[in-house]
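Shown next: final.tsv, given as TSV, C-alpha atoms.
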```tsv
chain	number	residue	atom	x	y	z
U	1	MET	CA	107.26	114.55	115.24
U	2	GLU	CA	104.75	114.18	118.06
U	3	LYS	CA	106.21	115.69	121.26
U	4	LEU	CA	107.31	112.90	123.58
U	5	ILE	CA	107.00	113.24	127.33
U	6	PHE	CA	108.61	110.04	128.59
U	7	ALA	CA	109.03	107.62	125.68
U	8	GLN	CA	112.22	107.82	123.63
U	9	GLY	CA	111.83	108.86	119.98
U	10	ASN	CA	115.25	107.52	118.94
U	11	GLY	CA	115.04	109.43	115.66
U	12	ARG	CA	111.70	107.97	114.64
U	13	GLU	CA	108.87	110.04	113.20
U	14	ILE	CA	106.02	109.28	115.59
U	15	SER	CA	102.52	110.52	114.79
U	16	PHE	CA	99.53	110.51	117.12
U	17	MET	CA	96.87	108.89	114.95
U	18	ASP	CA	96.63	106.74	111.86
U	19	LYS	CA	94.95	108.98	109.27
U	20	ILE	CA	92.85	106.20	107.71
U	21	PHE	CA	91.27	105.15	110.99
U	22	GLY	CA	90.91	108.78	112.02
U	23	ILE	CA	88.80	109.63	108.95
U	24	ALA	CA	86.84	106.40	109.39
U	25	GLY	CA	86.07	107.51	112.95
U	26	LYS	CA	84.61	110.77	111.63
U	27	ALA	CA	82.43	108.83	109.20
U	28	ALA	CA	81.18	106.57	111.99
U	29	ALA	CA	80.38	109.55	114.20
U	30	MET	CA	78.39	111.24	111.44
U	31	ALA	CA	76.51	108.01	110.67
U	32	GLU	CA	75.54	107.66	114.33
U	33	LYS	CA	74.37	111.26	114.55
U	34	GLU	CA	72.60	111.69	111.20
U	35	GLY	CA	71.90	108.14	110.04
U	36	ARG	CA	73.87	105.61	108.07
U	37	ASP	CA	72.03	106.48	104.85
U	38	LYS	CA	73.51	109.99	105.01
U	39	VAL	CA	77.11	108.71	104.94
U	40	THR	CA	79.29	107.21	102.22
U	41	ASP	CA	82.32	105.74	103.98
U	42	ALA	CA	85.00	104.81	101.45
U	43	THR	CA	87.90	104.61	103.89
U	44	ILE	CA	88.64	101.17	105.31
U	45	GLY	CA	90.17	98.50	103.09
U	46	ALA	CA	87.93	95.59	104.00
U	47	LEU	CA	85.41	94.02	101.64
U	48	LEU	CA	81.77	94.94	102.32
U	49	ASP	CA	78.76	93.68	100.41
U	50	ASP	CA	76.32	95.99	98.64
U	51	GLU	CA	74.33	96.41	101.87
U	52	GLY	CA	77.43	97.56	103.73
U	53	LYS	CA	77.88	94.31	105.67
U	54	PHE	CA	81.31	92.81	106.28
U	55	VAL	CA	81.98	89.98	103.81
U	56	VAL	CA	83.03	86.74	105.47
U	57	PHE	CA	83.37	83.67	103.26
U	58	GLU	CA	81.01	80.98	104.53
U	59	SER	CA	83.38	78.28	103.27
U	60	VAL	CA	86.25	79.72	105.30
U	61	MET	CA	84.10	79.85	108.43
U	62	GLU	CA	83.01	76.25	107.78
U	63	GLY	CA	86.67	75.28	107.69
U	64	MET	CA	87.32	77.24	110.87
U	65	LEU	CA	84.63	75.32	112.74
U	66	LYS	CA	86.26	72.04	111.74
U	67	LEU	CA	89.54	72.89	113.46
U	68	ASN	CA	90.52	70.95	116.56
U	69	PRO	CA	90.95	72.72	119.91
U	70	VAL	CA	94.68	72.04	119.76
U	71	ASP	CA	94.85	73.98	116.47
U	72	PHE	CA	93.82	77.08	118.42
U	73	ALA	CA	95.70	76.42	121.65
U	74	ASN	CA	99.06	75.00	120.63
U	75	TYR	CA	102.09	77.00	119.56
U	76	ALA	CA	103.02	77.08	115.91
U	77	PRO	CA	106.70	76.62	115.04
U	78	ILE	CA	108.48	79.96	114.89
U	79	SER	CA	108.67	80.06	111.09
U	80	GLY	CA	105.28	78.41	110.67
U	81	ILE	CA	103.74	74.95	110.45
U	82	PRO	CA	105.76	72.94	107.86
U	83	ALA	CA	102.60	72.10	105.90
U	84	TYR	CA	101.70	75.79	105.83
U	85	ILE	CA	105.16	76.73	104.54
U	86	GLU	CA	104.53	74.36	101.63
U	87	VAL	CA	100.90	75.30	100.99
U	88	VAL	CA	101.32	79.07	101.23
U	89	GLN	CA	103.79	78.96	98.36
U	90	LYS	CA	101.21	77.07	96.28
U	91	TYR	CA	98.63	79.74	97.08
U	92	ALA	CA	101.06	82.55	96.29
U	93	PHE	CA	102.67	81.19	93.13
U	94	GLY	CA	99.66	79.37	91.69
U	95	ASN	CA	100.67	77.86	88.35
U	96	HIS	CA	103.66	80.17	87.99
U	97	LYS	CA	106.25	79.14	90.56
U	98	PRO	CA	109.62	80.25	89.22
U	99	ASN	CA	112.33	77.64	88.68
U	100	MET	CA	114.43	79.02	91.52
U	101	PHE	CA	115.32	78.31	95.11
U	102	THR	CA	112.34	79.35	97.22
U	103	ALA	CA	111.56	79.38	100.92
U	104	ALA	CA	108.84	80.86	103.09
U	105	ALA	CA	108.20	81.97	106.65
U	106	ALA	CA	104.87	82.63	108.30
U	107	THR	CA	104.19	86.25	109.25
U	108	PRO	CA	101.27	88.11	110.87
U	109	GLY	CA	99.71	89.27	107.62
U	110	GLY	CA	101.52	91.14	104.90
U	111	SER	CA	102.71	93.75	107.42
U	112	GLY	CA	104.88	91.19	109.17
U	113	ALA	CA	106.47	90.23	105.87
U	114	ILE	CA	107.29	93.88	105.14
U	115	ARG	CA	108.67	94.42	108.64
U	116	ASN	CA	111.03	91.45	108.50
U	117	THR	CA	112.19	92.36	104.99
U	118	ILE	CA	112.99	95.92	106.04
U	119	VAL	CA	114.96	94.82	109.09
U	120	ASN	CA	117.01	92.18	107.29
U	121	TYR	CA	117.50	93.54	103.79
U	122	SER	CA	118.32	97.18	104.47
U	123	LYS	CA	120.73	98.92	106.82
U	124	ALA	CA	119.73	101.17	109.71
U	125	TRP	CA	119.32	104.78	108.51
U	126	ASP	CA	119.54	103.75	104.85
U	127	THR	CA	116.77	104.76	102.48
U	128	ILE	CA	114.11	102.35	101.20
U	129	LEU	CA	112.42	103.13	97.91
U	130	THR	CA	108.79	102.87	96.82
U	131	CYS	CA	106.53	104.89	94.51
U	132	ASP	CA	104.88	108.22	95.35
U	133	TRP	CA	101.45	106.60	95.67
U	134	TYR	CA	101.97	104.23	98.59
U	135	TRP	CA	100.28	102.59	101.55
U	136	SER	CA	101.00	104.91	104.48
U	137	ALA	CA	102.05	102.00	106.71
U	138	TYR	CA	105.23	101.68	104.63
U	139	HIS	CA	106.43	104.94	106.16
U	140	THR	CA	105.53	103.78	109.67
U	141	LEU	CA	107.24	100.41	109.19
U	142	ALA	CA	110.35	102.08	107.80
U	143	THR	CA	110.73	104.77	110.48
U	144	GLU	CA	109.80	102.40	113.32
U	145	ASN	CA	112.79	100.32	112.23
U	146	TYR	CA	115.18	103.27	111.79
U	147	ARG	CA	115.06	103.53	108.01
U	148	LYS	CA	114.12	106.38	105.72
U	149	LEU	CA	111.54	106.12	102.94
U	150	ASP	CA	111.75	107.96	99.64
U	151	THR	CA	109.66	107.72	96.50
U	152	TYR	CA	109.90	107.81	92.73
U	153	ASN	CA	107.04	108.83	90.43
U	154	LEU	CA	104.75	105.88	89.75
U	155	LEU	CA	103.43	107.24	86.46
U	156	THR	CA	104.58	109.12	83.40
U	157	GLU	CA	102.44	111.91	81.96
U	158	GLU	CA	100.95	109.27	79.65
U	159	GLY	CA	99.82	107.17	82.63
U	160	THR	CA	102.36	104.36	82.18
U	161	TYR	CA	104.90	103.00	84.67
U	162	ASN	CA	107.70	105.52	85.13
U	163	HIS	CA	110.92	103.54	84.63
U	164	ALA	CA	112.95	106.72	84.17
U	165	SER	CA	111.93	108.06	87.59
U	166	LEU	CA	112.70	104.69	89.20
U	167	LYS	CA	116.14	104.60	87.61
U	168	ALA	CA	116.93	108.16	88.65
U	169	LYS	CA	116.13	107.40	92.29
U	170	CYS	CA	118.04	104.11	92.19
U	171	ASP	CA	121.06	105.95	90.75
U	172	GLU	CA	120.79	108.54	93.53
U	173	TYR	CA	120.77	106.11	96.43
U	174	LEU	CA	123.07	103.45	95.05
U	175	ALA	CA	125.71	106.15	94.67
U	176	VAL	CA	125.83	106.30	98.50
U	177	GLN	CA	124.44	102.90	99.56
U	178	ASP	CA	125.79	99.46	98.72
U	179	SER	CA	122.31	97.95	98.82
U	180	LEU	CA	118.74	99.02	98.16
U	181	LEU	CA	115.34	97.67	99.14
U	182	LEU	CA	112.66	98.42	96.56
U	183	ILE	CA	109.00	97.89	97.53
U	184	ILE	CA	106.62	97.38	94.61
U	185	ASN	CA	102.93	96.91	95.40
U	186	THR	CA	101.39	95.07	92.46
U	187	PRO	CA	99.14	93.78	91.02
U	188	ALA	CA	96.05	95.76	92.07
U	189	HIS	CA	98.18	98.35	93.82
U	190	ASN	CA	97.16	99.90	97.11
U	191	PRO	CA	96.12	102.75	96.92
U	192	THR	CA	95.49	103.18	93.17
U	193	GLY	CA	94.50	99.85	91.63
U	194	PHE	CA	97.36	100.22	89.11
U	195	SER	CA	99.26	97.09	88.00
U	196	LEU	CA	102.66	96.69	86.39
U	197	THR	CA	102.66	94.83	83.09
U	198	ASN	CA	105.07	91.99	82.38
U	199	ASP	CA	107.03	94.39	80.15
U	200	ASP	CA	107.27	96.79	83.10
U	201	TRP	CA	108.57	93.96	85.27
U	202	ALA	CA	111.13	92.92	82.69
U	203	LYS	CA	112.56	96.44	82.70
U	204	VAL	CA	112.61	96.56	86.53
U	205	ILE	CA	114.50	93.27	86.63
U	206	ASP	CA	116.93	94.41	83.93
U	207	LEU	CA	117.61	97.54	85.97
U	208	ALA	CA	118.17	95.53	89.15
U	209	ASN	CA	120.53	93.20	87.27
U	210	GLU	CA	122.55	96.19	86.03
U	211	TYR	CA	123.19	97.28	89.61
U	212	GLY	CA	123.77	93.69	90.70
U	213	ALA	CA	126.44	93.30	88.03
U	214	LYS	CA	128.22	96.28	89.60
U	215	GLY	CA	128.28	94.58	93.00
U	216	LYS	CA	125.23	96.32	94.49
U	217	LYS	CA	122.73	94.17	96.40
U	218	ILE	CA	119.12	94.75	95.33
U	219	THR	CA	116.10	93.34	97.16
U	220	ILE	CA	112.75	93.64	95.42
U	221	PHE	CA	109.81	93.21	97.77
U	222	VAL	CA	106.62	92.37	95.88
U	223	ASP	CA	103.64	93.36	98.00
U	224	ALA	CA	101.01	91.08	96.45
U	225	ALA	CA	98.30	91.47	99.09
U	226	TYR	CA	95.57	91.98	96.46
U	227	ILE	CA	96.72	89.50	93.83
U	228	ASP	CA	93.62	87.31	94.20
U	229	TYR	CA	91.34	90.25	93.33
U	230	THR	CA	92.71	90.91	89.87
U	231	ASP	CA	90.57	90.35	86.79
U	232	ASN	CA	92.54	87.18	86.02
U	233	PRO	CA	94.45	85.94	89.09
U	234	ASP	CA	96.26	83.25	87.09
U	235	GLU	CA	97.49	85.62	84.41
U	236	SER	CA	98.42	88.22	87.02
U	237	ARG	CA	100.98	85.77	88.41
U	238	THR	CA	102.87	85.22	85.15
U	239	PHE	CA	105.40	87.95	86.01
U	240	LEU	CA	106.79	85.72	88.78
U	241	LYS	CA	108.60	83.58	86.20
U	242	LEU	CA	110.57	86.66	85.11
U	243	PHE	CA	112.54	86.57	88.36
U	244	GLU	CA	114.33	83.49	86.99
U	245	LYS	CA	116.47	86.01	85.05
U	246	THR	CA	117.80	87.78	88.15
U	247	ASN	CA	121.51	87.58	88.91
U	248	ASP	CA	122.99	86.50	92.23
U	249	ASN	CA	122.97	90.02	93.69
U	250	VAL	CA	119.22	90.41	93.21
U	251	LEU	CA	116.79	88.87	95.69
U	252	ALA	CA	113.02	88.86	95.27
U	253	ILE	CA	110.69	88.51	98.26
U	254	MET	CA	106.94	88.17	97.86
U	255	GLY	CA	104.60	89.29	100.63
U	256	TYR	CA	101.44	87.17	100.69
U	257	SER	CA	98.41	87.85	102.87
U	258	ALA	CA	95.34	85.75	103.66
U	259	SER	CA	93.51	88.83	104.93
U	260	LYS	CA	91.88	89.71	101.64
U	261	GLY	CA	91.87	86.42	99.76
U	262	PHE	CA	90.25	84.53	102.62
U	263	THR	CA	88.50	87.38	104.51
U	264	LEU	CA	90.76	86.61	107.48
U	265	TYR	CA	91.92	90.12	108.37
U	266	GLY	CA	91.87	89.51	112.12
U	267	MET	CA	93.60	86.13	112.02
U	268	ARG	CA	96.83	87.80	110.82
U	269	VAL	CA	97.98	85.04	108.48
U	270	GLY	CA	100.61	85.80	105.88
U	271	ALA	CA	104.05	84.87	104.62
U	272	MET	CA	107.26	86.21	103.22
U	273	ILE	CA	108.53	84.09	100.33
U	274	CYS	CA	112.00	84.40	98.81
U	275	MET	CA	112.98	83.71	95.21
U	276	THR	CA	116.67	83.45	94.39
U	277	ASN	CA	118.98	81.65	91.99
U	278	LYS	CA	121.54	81.08	94.74
U	279	GLU	CA	120.99	78.27	97.25
U	280	GLU	CA	123.03	79.86	100.05
U	281	ILE	CA	120.93	83.04	99.87
U	282	CYS	CA	117.80	80.93	100.23
U	283	LYS	CA	119.24	79.16	103.28
U	284	GLU	CA	120.26	82.52	104.74
U	285	PHE	CA	116.70	83.78	104.20
U	286	SER	CA	115.24	80.89	106.22
U	287	ASN	CA	117.70	81.50	109.02
U	288	ILE	CA	117.14	85.24	109.33
U	289	ALA	CA	113.37	84.88	108.98
U	290	ASN	CA	113.37	82.43	111.88
U	291	PHE	CA	115.55	84.77	113.94
U	292	SER	CA	113.41	87.85	113.28
U	293	CYS	CA	110.14	86.05	113.93
U	294	ARG	CA	111.48	84.94	117.29
U	295	GLY	CA	112.69	88.44	118.05
U	296	THR	CA	109.31	90.09	117.43
U	297	TRP	CA	106.02	88.13	117.58
U	298	SER	CA	107.75	84.81	118.36
U	299	ASN	CA	105.02	82.53	116.96
U	300	GLY	CA	102.31	83.18	114.42
U	301	THR	CA	98.66	82.18	114.76
U	302	ARG	CA	98.54	78.41	114.41
U	303	ALA	CA	94.77	78.22	113.76
U	304	GLY	CA	94.97	80.43	110.68
U	305	GLN	CA	97.89	78.49	109.25
U	306	GLN	CA	96.20	75.13	109.82
U	307	LEU	CA	92.98	76.45	108.31
U	308	LEU	CA	94.70	77.39	105.04
U	309	VAL	CA	96.37	73.99	104.93
U	310	ASN	CA	93.07	72.20	105.43
U	311	LEU	CA	91.28	74.31	102.84
U	312	TYR	CA	93.96	73.67	100.25
U	313	ASN	CA	94.10	69.92	100.80
U	314	ASP	CA	90.31	69.44	100.68
U	315	LYS	CA	89.40	69.81	96.99
U	316	GLU	CA	85.72	70.34	97.70
U	317	MET	CA	86.38	73.02	100.34
U	318	LYS	CA	88.97	74.73	98.16
U	319	ALA	CA	86.48	74.88	95.30
U	320	LYS	CA	83.93	76.51	97.61
U	321	VAL	CA	86.43	79.15	98.72
U	322	ASP	CA	87.48	79.83	95.13
U	323	LYS	CA	83.84	80.22	94.07
U	324	GLU	CA	83.04	82.70	96.86
U	325	ARG	CA	86.18	84.67	96.13
U	326	GLU	CA	85.39	84.78	92.41
U	327	GLU	CA	81.87	86.09	93.08
U	328	ASN	CA	83.12	88.83	95.37
U	329	LYS	CA	85.99	89.67	93.05
U	330	ALA	CA	83.50	90.16	90.22
U	331	MET	CA	81.47	92.49	92.46
U	332	LEU	CA	84.62	94.50	93.19
U	333	ILE	CA	85.60	94.71	89.54
U	334	ARG	CA	82.10	95.99	88.66
U	335	ARG	CA	82.52	98.73	91.26
U	336	GLY	CA	85.89	99.70	89.83
U	337	ARG	CA	84.56	99.87	86.28
U	338	ALA	CA	81.56	101.93	87.45
U	339	PHE	CA	83.89	104.39	89.19
U	340	GLU	CA	86.10	104.60	86.09
U	341	ALA	CA	83.13	105.28	83.83
U	342	ALA	CA	81.68	107.93	86.15
U	343	ALA	CA	85.05	109.67	86.42
U	344	LYS	CA	85.42	109.74	82.65
U	345	GLU	CA	81.91	111.08	82.20
U	346	CYS	CA	82.39	114.01	84.59
U	347	GLY	CA	85.98	114.75	83.57
U	348	LEU	CA	87.62	113.68	86.83
U	349	GLU	CA	91.24	112.58	86.48
U	350	ILE	CA	92.03	109.29	88.23
U	351	VAL	CA	95.11	107.10	88.42
U	352	PRO	CA	94.77	104.29	85.82
U	353	TYR	CA	92.79	101.56	87.59
U	354	ASP	CA	93.32	97.88	86.82
U	355	ALA	CA	91.87	96.01	89.80
U	356	GLY	CA	91.80	95.77	93.57
U	357	PHE	CA	90.24	97.35	96.63
U	358	PHE	CA	91.20	100.96	95.89
U	359	ALA	CA	91.21	103.71	93.29
U	360	SER	CA	92.87	107.13	93.61
U	361	ILE	CA	92.31	110.69	92.45
U	362	PRO	CA	95.27	113.07	91.99
U	363	CYS	CA	94.72	116.21	94.07
U	364	ALA	CA	97.16	118.85	95.31
U	365	ASN	CA	95.04	119.66	98.40
U	366	PRO	CA	93.53	116.34	99.50
U	367	ASP	CA	92.86	117.34	103.12
U	368	GLU	CA	90.99	120.50	102.18
U	369	VAL	CA	88.98	118.87	99.39
U	370	GLY	CA	88.28	115.98	101.74
U	371	GLU	CA	86.81	118.38	104.30
U	372	LEU	CA	84.42	119.74	101.66
U	373	LEU	CA	83.31	116.19	100.92
U	374	HIS	CA	82.71	115.52	104.63
U	375	LYS	CA	79.97	118.16	104.54
U	376	LYS	CA	78.19	116.01	101.98
U	377	GLY	CA	78.71	112.85	104.01
U	378	ILE	CA	81.43	111.47	101.74
U	379	PHE	CA	84.60	110.22	103.44
U	380	LEU	CA	87.74	109.37	101.46
U	381	VAL	CA	91.33	108.99	102.63
U	382	PRO	CA	93.65	111.95	101.94
U	383	LEU	CA	97.13	110.89	100.83
U	384	ALA	CA	100.21	112.90	99.94
U	385	ALA	CA	99.34	112.89	96.24
U	386	GLY	CA	95.55	112.81	96.31
U	387	LEU	CA	92.45	111.03	97.59
U	388	ARG	CA	91.95	107.28	97.99
U	389	VAL	CA	88.57	105.65	97.37
U	390	ALA	CA	88.00	102.26	99.03
U	391	LEU	CA	85.91	100.57	96.35
U	392	SER	CA	85.79	97.57	98.67
U	393	ALA	CA	83.62	99.47	101.14
U	394	VAL	CA	80.99	101.08	98.88
U	395	ASN	CA	78.41	99.70	96.46
U	396	GLU	CA	78.20	100.28	92.72
U	397	ALA	CA	75.70	103.14	93.01
U	398	GLN	CA	77.97	104.92	95.49
U	399	CYS	CA	80.95	104.41	93.17
U	400	LYS	CA	79.02	106.19	90.42
U	401	MET	CA	78.10	109.04	92.80
U	402	ILE	CA	81.54	109.62	94.37
U	403	ALA	CA	83.34	110.66	91.18
U	404	PRO	CA	81.11	113.62	90.23
U	405	GLU	CA	80.91	114.75	93.86
U	406	VAL	CA	84.71	114.82	94.09
U	407	LYS	CA	84.83	116.78	90.83
U	408	LYS	CA	82.37	119.33	92.26
U	409	ALA	CA	84.36	119.64	95.49
U	410	MET	CA	87.62	120.14	93.58
U	411	ASP	CA	86.02	122.73	91.31
U	412	GLU	CA	84.65	124.52	94.36
U	413	TYR	CA	87.98	124.50	96.15
U	414	TYR	CA	89.97	125.69	93.14
U	415	GLY	CA	87.34	128.22	92.14
U	416	LYS	CA	86.50	126.77	88.75
```

Any chance you could put this one into structure tokens?
Amino acid sequence: MEKLIFAQGNGREISFMDKIFGIAGKAAAMAEKEGRDKVTDATIGALLDDEGKFVVFESVMEGMLKLNPVDFANYAPISGIPAYIEVVQKYAFGNHKPNMFTAAAATPGGSGAIRNTIVNYSKAWDTILTCDWYWSAYHTLATENYRKLDTYNLLTEEGTYNHASLKAKCDEYLAVQDSLLLIINTPAHNPTGFSLTNDDWAKVIDLANEYGAKGKKITIFVDAAYIDYTDNPDESRTFLKLFEKTNDNVLAIMGYSASKGFTLYGMRVGAMICMTNKEEICKEFSNIANFSCRGTWSNGTRAGQQLLVNLYNDKEMKAKVDKEREENKAMLIRRGRAFEAAAKECGLEIVPYDAGFFASIPCANPDEVGELLHKKGIFLVPLAAGLRVALSAVNEAQCKMIAPEVKKAMDEYYGK
């Protein structure tokens, strides 16, 4: 823990700097000193075009310019504009809304949805569970709110979803806790690009139901921030219908973010959406979401909410947004496939990639190997289990180059 001088740690693990932004800062400094063409910065998870320019959907900006001044200046209701609460569920569920009781609350991006879920669906000092490849902010959000975070192995040796490891960890914690919050980032998982199949989901839900039948309360948080960047966004939502089979002691909450799907990172527009077969749990969700929103950020950004409502209700504008997203998604998929092919060609092991902004490389010494790559002007994000490549931030040629350079750096480090 960072040594505190005046502030009170209160048992939290407080670090000085976010590692992702720290590495990105090093890349920026090198680019300024030696020239941008000497640097490959695959750190930040924002979508850049092939020239390295920030992608902003023209259709979204057109919709922004049509907003009224009051849409920027006025408060939004605490849980969100009513029209937004309706529309955001249509965006999130698409054609696959489960036949369940559902409700939503506006949050500042996906992070707000995670924060409110942690606070309300786990107990202080209890352990929250996610997989060993995870977005580092999960740890920050957990410890900031006086929870612990533990992990199960995402993959088997064959590269498939590791149900046995998940079950073992669930058994461990549900022996001492009466409830468990499970965070699953899929499809297009951050940081690996891995996605659970519908068969994987069916087994996860069966497992949750087993514990629910024993009186344990299980909350499954689906972090779907990258769902609109899958190869087939409609098909990738079909798993949502499987939650219809959950029993009354299992609650599903979907975290939806407009950051990626609408290139609105800075507007902080998102939602937490509950799916339950029990009406009173749905009503409770709406109540606690309202309470927690008021107790933290109070009101979300009205302009972003109204913008998404307007874009959805204008068929022509929605079609423009969908077209721009599809074009950029195709660009991202090409980058991912190029990285996969290059890794295979040079013999570099990667986590099975399906879609999304990121791919990952297993590595026992990610910081040290990362430092070797810095000398060549290549900047990746070191994680606990390896190195993350932000495919969103580099072009196809760079994707092809990164894999063999990482292989060389690993061979150099390990003396092969």

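The closest residue to Ala341 in chain U, picked from U:Pro362, U:Gly270, U:Gly295, U:Pro404 and counting all atoms listed in the file, is U:Pro404.
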
Name the residues, using the chain letters and numbers of the file, that sit within 10 Å of (107.1, 82.5, 94.0) when counting only C-alpha atoms, and give them as JSON, numbers by chain. {"U": [88, 89, 90, 91, 92, 93, 94, 95, 96, 97, 98, 99, 100, 101, 102, 103, 104, 237, 239, 240, 241, 243, 252, 253, 254, 255, 256, 272, 273, 274, 275, 276]}

When you look at Asp126 in chain U with a cut-off of 6 Å (counting only C-alpha atoms), what residues show up, excluding the ones that are within fewer than 2 positions of it in the same chain? I need them as a list in words. Lys123, Ala124 and Arg147 of chain U

Each residue of range 238-297 of chain U lying at most 12 Å from range 305-327 of chain U should get a row with its shortest atom-to-atom pair and the distance in Å to one decimal, counting all atoms listed in the file; could you produce that, ordered by chain and increasing number, as JSON lines?
```
{"residue": "U:Ser257", "atom": "CA", "partner": "U:Leu308", "partner_atom": "CA", "distance": 11.3}
{"residue": "U:Ala258", "atom": "CA", "partner": "U:Leu308", "partner_atom": "CA", "distance": 8.5}
{"residue": "U:Ser259", "atom": "CA", "partner": "U:Leu308", "partner_atom": "CA", "distance": 11.5}
{"residue": "U:Lys260", "atom": "CA", "partner": "U:Arg325", "partner_atom": "CA", "distance": 9.4}
{"residue": "U:Gly261", "atom": "CA", "partner": "U:Arg325", "partner_atom": "CA", "distance": 7.0}
{"residue": "U:Phe262", "atom": "CA", "partner": "U:Arg325", "partner_atom": "CA", "distance": 7.7}
{"residue": "U:Thr263", "atom": "CA", "partner": "U:Arg325", "partner_atom": "CA", "distance": 9.1}
{"residue": "U:Leu264", "atom": "CA", "partner": "U:Leu308", "partner_atom": "CA", "distance": 10.3}
{"residue": "U:Met267", "atom": "CA", "partner": "U:Gln305", "partner_atom": "CA", "distance": 9.2}
{"residue": "U:Arg268", "atom": "CA", "partner": "U:Gln305", "partner_atom": "CA", "distance": 9.5}
{"residue": "U:Val269", "atom": "CA", "partner": "U:Gln305", "partner_atom": "CA", "distance": 6.6}
{"residue": "U:Gly270", "atom": "CA", "partner": "U:Gln305", "partner_atom": "CA", "distance": 8.5}
{"residue": "U:Ala271", "atom": "CA", "partner": "U:Gln305", "partner_atom": "CA", "distance": 10.0}
```

Could the residues in this selection be saved with C-alpha atoms as a PDB file, in the frame of the given file?
```pdb
ATOM      1  CA  SER U 257      98.410  87.850 102.870  1.00  0.00           C
ATOM      2  CA  ALA U 258      95.340  85.750 103.660  1.00  0.00           C
ATOM      3  CA  SER U 259      93.510  88.830 104.930  1.00  0.00           C
ATOM      4  CA  LYS U 260      91.880  89.710 101.640  1.00  0.00           C
ATOM      5  CA  GLY U 261      91.870  86.420  99.760  1.00  0.00           C
ATOM      6  CA  PHE U 262      90.250  84.530 102.620  1.00  0.00           C
ATOM      7  CA  THR U 263      88.500  87.380 104.510  1.00  0.00           C
ATOM      8  CA  LEU U 264      90.760  86.610 107.480  1.00  0.00           C
ATOM      9  CA  MET U 267      93.600  86.130 112.020  1.00  0.00           C
ATOM     10  CA  ARG U 268      96.830  87.800 110.820  1.00  0.00           C
ATOM     11  CA  VAL U 269      97.980  85.040 108.480  1.00  0.00           C
ATOM     12  CA  GLY U 270     100.610  85.800 105.880  1.00  0.00           C
ATOM     13  CA  ALA U 271     104.050  84.870 104.620  1.00  0.00           C
TER      14      ALA U 271
END
```

Skipping near chain neighbours, those fewer than 5 positions away, what residues fall within 6 Å of range 228-231 of chain U using only C-alpha atoms, listed as a PyMOL selection string? chain U and resi 261+329+355-356

Please identify all polymer residues within 6 Å of range 390-400 of chain U, counting all atoms listed in the file, omitting same-chain residues fewer than 3 positions from it, and present them as a PyMOL selection string. chain U and resi 42-43+45+47-48+50+335+338-339+342+357-358

Between CA of Ile184 in chain U and CA of Ile220 in chain U, distance in Å (one decimal): 7.2 Å

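With only C-alpha atoms as the atoms that count, the minimum distance from Ile205 in chain U to the choices U:Thr140, U:Asn247, U:Ser165, U:Ser179 is reached by U:Asn247.
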
If I put a ball of radius 12 Å at (83.0, 111.3, 112.1) in the file's coordinates, which residues poke into it when counting only C-alpha atoms, written as a PyMOL selection string? chain U and resi 20-36+38-41+43+371+374-375+377-380

Interatomic distance, CA of Glu405 in chain U to CA of Tyr226 in chain U (Å, one decimal): 27.2 Å

Exercise: range 173-176 of chain U partners within 10 Å, all atoms listed in the file, chain neighbours under 6 positions left out, as a short mmCIF file (atom, residue, chain, number, x, y, z; two decimals) with C-alpha atoms, in the frame of the given file:
```
data_model
loop_
_atom_site.label_atom_id
_atom_site.label_comp_id
_atom_site.auth_asym_id
_atom_site.auth_seq_id
_atom_site.Cartn_x
_atom_site.Cartn_y
_atom_site.Cartn_z
CA ASP U 126 119.54 103.75 104.85
CA THR U 127 116.77 104.76 102.48
CA ILE U 128 114.11 102.35 101.20
CA LEU U 129 112.42 103.13 97.91
CA ASP U 150 111.75 107.96 99.64
CA TYR U 211 123.19 97.28 89.61
CA LYS U 216 125.23 96.32 94.49
CA LYS U 217 122.73 94.17 96.40
CA ILE U 218 119.12 94.75 95.33
#
```

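Separating CA of Asp132 in chain U from CA of Thr151 in chain U is a distance of 4.9 Å.
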
Find the residue from U:Thr117, U:Ser236, U:Ser298, U:Thr143 that sits nearest to Pro187 in chain U; use all atoms listed in the file when measuring. U:Ser236

Counting all atoms listed in the file, which residue out of U:Ala343, U:Leu251, U:Met64, U:Leu196 sits closest to Leu182 in chain U? U:Leu251

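The environment of Pro77 in chain U within 8 Å, counting only C-alpha atoms and disregarding residues fewer than 4 places along the same chain, consists of U:Ile81, U:Asn299, U:Gly300.
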